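This report concerns only the one structure given below.
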Amino acid sequence: MKTAGKSQPHKAPVLCNMFSELLEGTTLEVARRLIGCTLSYNAPEGVMAGIINETEAYTEEDPACHAYGGKQTRKNQTMFQESGHLYIYLIYGMYHCANLVTEEAGRGSAVLIRSVLPTEGVELMIQNRNYKEKNLKNLCNGPGKLCQAFNWNLSLDGLDLRKKNSKITLHPASSPPTKVIETPRIGITKGVELPWRFYSI
DNA sequence: ATATGGATGGCCT
DNA sequence: GGCCATCCATATG
């Protein structure tokens, strides 16, 4: 090992480190705070990125949560890892959903990333989704669409975003959105009354 | 413009 | 065997 102790000024900063303060606090706080942040993926084919504009919070106490009651299974075990891990699951046999794990290890909680506004690698995303429309507003505006655009699947489940050189990174908003709206969550049958969905326009 | 129903597979009981 | 934190094509006003 002959790695230099100090970083060299000319060394290309291939990836930014995640700002850990983005994931501090309760799942609800994180879900709210992630609105406006940039999610980026350094894929083999190129970088893809988007600004998060819709999230949902899920915690152990919530009957709609995969980790409800703290029950660990094979599928949900990433939710019980430390905050900063990526939890991906398959839904309806054909789509994937991406979540950022929150809170401390042992507590099953996460924020579902429901939508991003594409900012980088748009051509790749269009390819990945076989997207026909001209307007990009429907390219990543849904949890399944987002994973399809970024080409994310179960193989990325459990990825630790806190690691240096993580393929997936989070960047804080340059200026936080002026208005974040909260509503009940989408597509669930339990915990429907909780206003745990956040979005901005 | 909104409403419907079919596709699909890993995981749980 | 039965869920499912979904999407899209198709059908109708």
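By convention in this document, the chains of the structure tokens carry letters A, B, ... by their order, each chain's residues are numbered from 1, and ligands are numbered from 1 in the order they are shown.
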
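Within 12 Å of chain A, chain B contributes the residues DG6, DA7, DT8, DG9, DG10, DC11 and DC12 of chain B, using only C-alpha atoms (C1' of nucleotides).
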
Output N, CA, C and O atoms (P, O5', C5', C4', C3', O3' and C1' of nucleotides) for every residue in that selection, as a CSV table (one decimal), in the first residue's frame.
chain,number,residue,atom,x,y,z
B,6,DG,P,-57.8,-8.2,-16.8
B,6,DG,O5',-56.5,-8.5,-17.7
B,6,DG,C5',-56.2,-7.8,-18.8
B,6,DG,C4',-54.6,-7.7,-18.9
B,6,DG,C3',-53.9,-8.8,-18.3
B,6,DG,O3',-52.8,-9.1,-19.2
B,6,DG,C1',-53.2,-6.8,-17.3
B,7,DA,P,-52.0,-10.5,-19.0
B,7,DA,O5',-50.5,-10.1,-18.8
B,7,DA,C5',-50.0,-9.1,-19.7
B,7,DA,C4',-48.7,-8.5,-19.1
B,7,DA,C3',-47.8,-9.6,-18.4
B,7,DA,O3',-46.5,-9.4,-18.9
B,7,DA,C1',-48.3,-7.8,-16.9
B,8,DT,P,-45.5,-10.7,-18.9
B,8,DT,O5',-44.9,-10.6,-17.4
B,8,DT,C5',-44.1,-9.6,-17.0
B,8,DT,C4',-43.8,-9.7,-15.6
B,8,DT,C3',-43.4,-11.1,-15.1
B,8,DT,O3',-42.0,-11.2,-15.0
B,8,DT,C1',-45.0,-10.1,-13.6
B,9,DG,P,-41.4,-12.6,-14.9
B,9,DG,O5',-40.9,-12.7,-13.3
B,9,DG,C5',-40.0,-11.7,-12.9
B,9,DG,C4',-39.9,-11.8,-11.4
B,9,DG,C3',-39.6,-13.2,-10.8
B,9,DG,O3',-38.9,-13.1,-9.6
B,9,DG,C1',-41.6,-12.4,-9.9
B,10,DG,P,-37.6,-14.0,-9.4
B,10,DG,O5',-37.1,-13.6,-8.0
B,10,DG,C5',-37.0,-12.2,-7.7
B,10,DG,C4',-37.5,-11.9,-6.3
B,10,DG,C3',-37.1,-12.9,-5.2
B,10,DG,O3',-36.7,-12.2,-4.1
B,10,DG,C1',-39.5,-12.6,-5.3
B,11,DC,P,-36.0,-12.9,-2.8
B,11,DC,O5',-37.1,-12.9,-1.7
B,11,DC,C5',-37.8,-11.6,-1.5
B,11,DC,C4',-39.1,-11.9,-0.7
B,11,DC,C3',-38.9,-12.9,0.5
B,11,DC,O3',-39.4,-12.3,1.6
B,11,DC,C1',-40.8,-13.4,-0.9
B,12,DC,P,-39.0,-12.9,3.1
B,12,DC,O5',-40.4,-13.3,3.7
B,12,DC,C5',-41.4,-12.3,3.8
B,12,DC,C4',-42.8,-12.9,3.8
B,12,DC,C3',-43.0,-14.0,5.0
B,12,DC,O3',-44.1,-13.6,5.8
B,12,DC,C1',-43.8,-14.8,2.9

Sorted per-residue table, chain A near chain C, closest atoms and distance, 9 Å, only C-alpha atoms (C1' of nucleotides), as a tab-separated table:
residue	atom	partner	partner_atom	distance
A:Glu56	CA	C:DA5	C1'	8.4
A:Tyr58	CA	C:DA5	C1'	8.9
A:Ala64	CA	C:DA5	C1'	7.6
A:Cys65	CA	C:DA5	C1'	7.9
A:His66	CA	C:DA5	C1'	8.6
A:Ile91	CA	C:DC4	C1'	6.1
A:Tyr92	CA	C:DC4	C1'	5.9
A:Gly93	CA	C:DC4	C1'	8.7
A:Met94	CA	C:DT6	C1'	8.3
A:Tyr95	CA	C:DT6	C1'	6.6
A:His96	CA	C:DT6	C1'	8.6
A:Cys97	CA	C:DA5	C1'	7.8
A:Leu112	CA	C:DA5	C1'	7.4
A:Gly142	CA	C:DT6	C1'	8.1
A:Pro143	CA	C:DT6	C1'	7.7
A:Gly144	CA	C:DT6	C1'	6.1
A:Lys145	CA	C:DC7	C1'	7.8
A:Arg185	CA	C:DA5	C1'	8.3
A:Ile186	CA	C:DA5	C1'	7.2
A:Gly187	CA	C:DA5	C1'	6.2
A:Ile188	CA	C:DA5	C1'	6.2

**Item:** All strand (DSSP E) positions in segment 6-184 of chain A, as a ChimeraX atom specification
**Value:** /A:38-43,46-58,86-91,95-101,110-120,168-171,181-183

**Prompt:** Near Thr55 of chain A, counting only C-alpha atoms (C1' of nucleotides), which residues have an atom at most 6 Å away, once you skip same-chain residues fewer than 2 positions from it, shown as a PyMOL selection string?
**Reply:** chain A and resi 31+112-114+197-198

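The two atoms in question, atom CA of Cys147 of chain A and atom CA of Arg32 of chain A, are spaced 20.6 Å apart.
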
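Our summary of the geometry notes that atom CA of Gly70 of chain A is positioned 18.5 Å from atom CA of Gly84 of chain A.
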
**Prompt:** Which residues in segment 43-138 of chain A does DSSP call alpha helix (DSSP H)? List them as a VMD selection string.
**Reply:** chain A and resid 122 to 129

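In this model, the gap between atom CA of Arg107 of chain A and atom CA of Ser83 of chain A comes to 9.5 Å.
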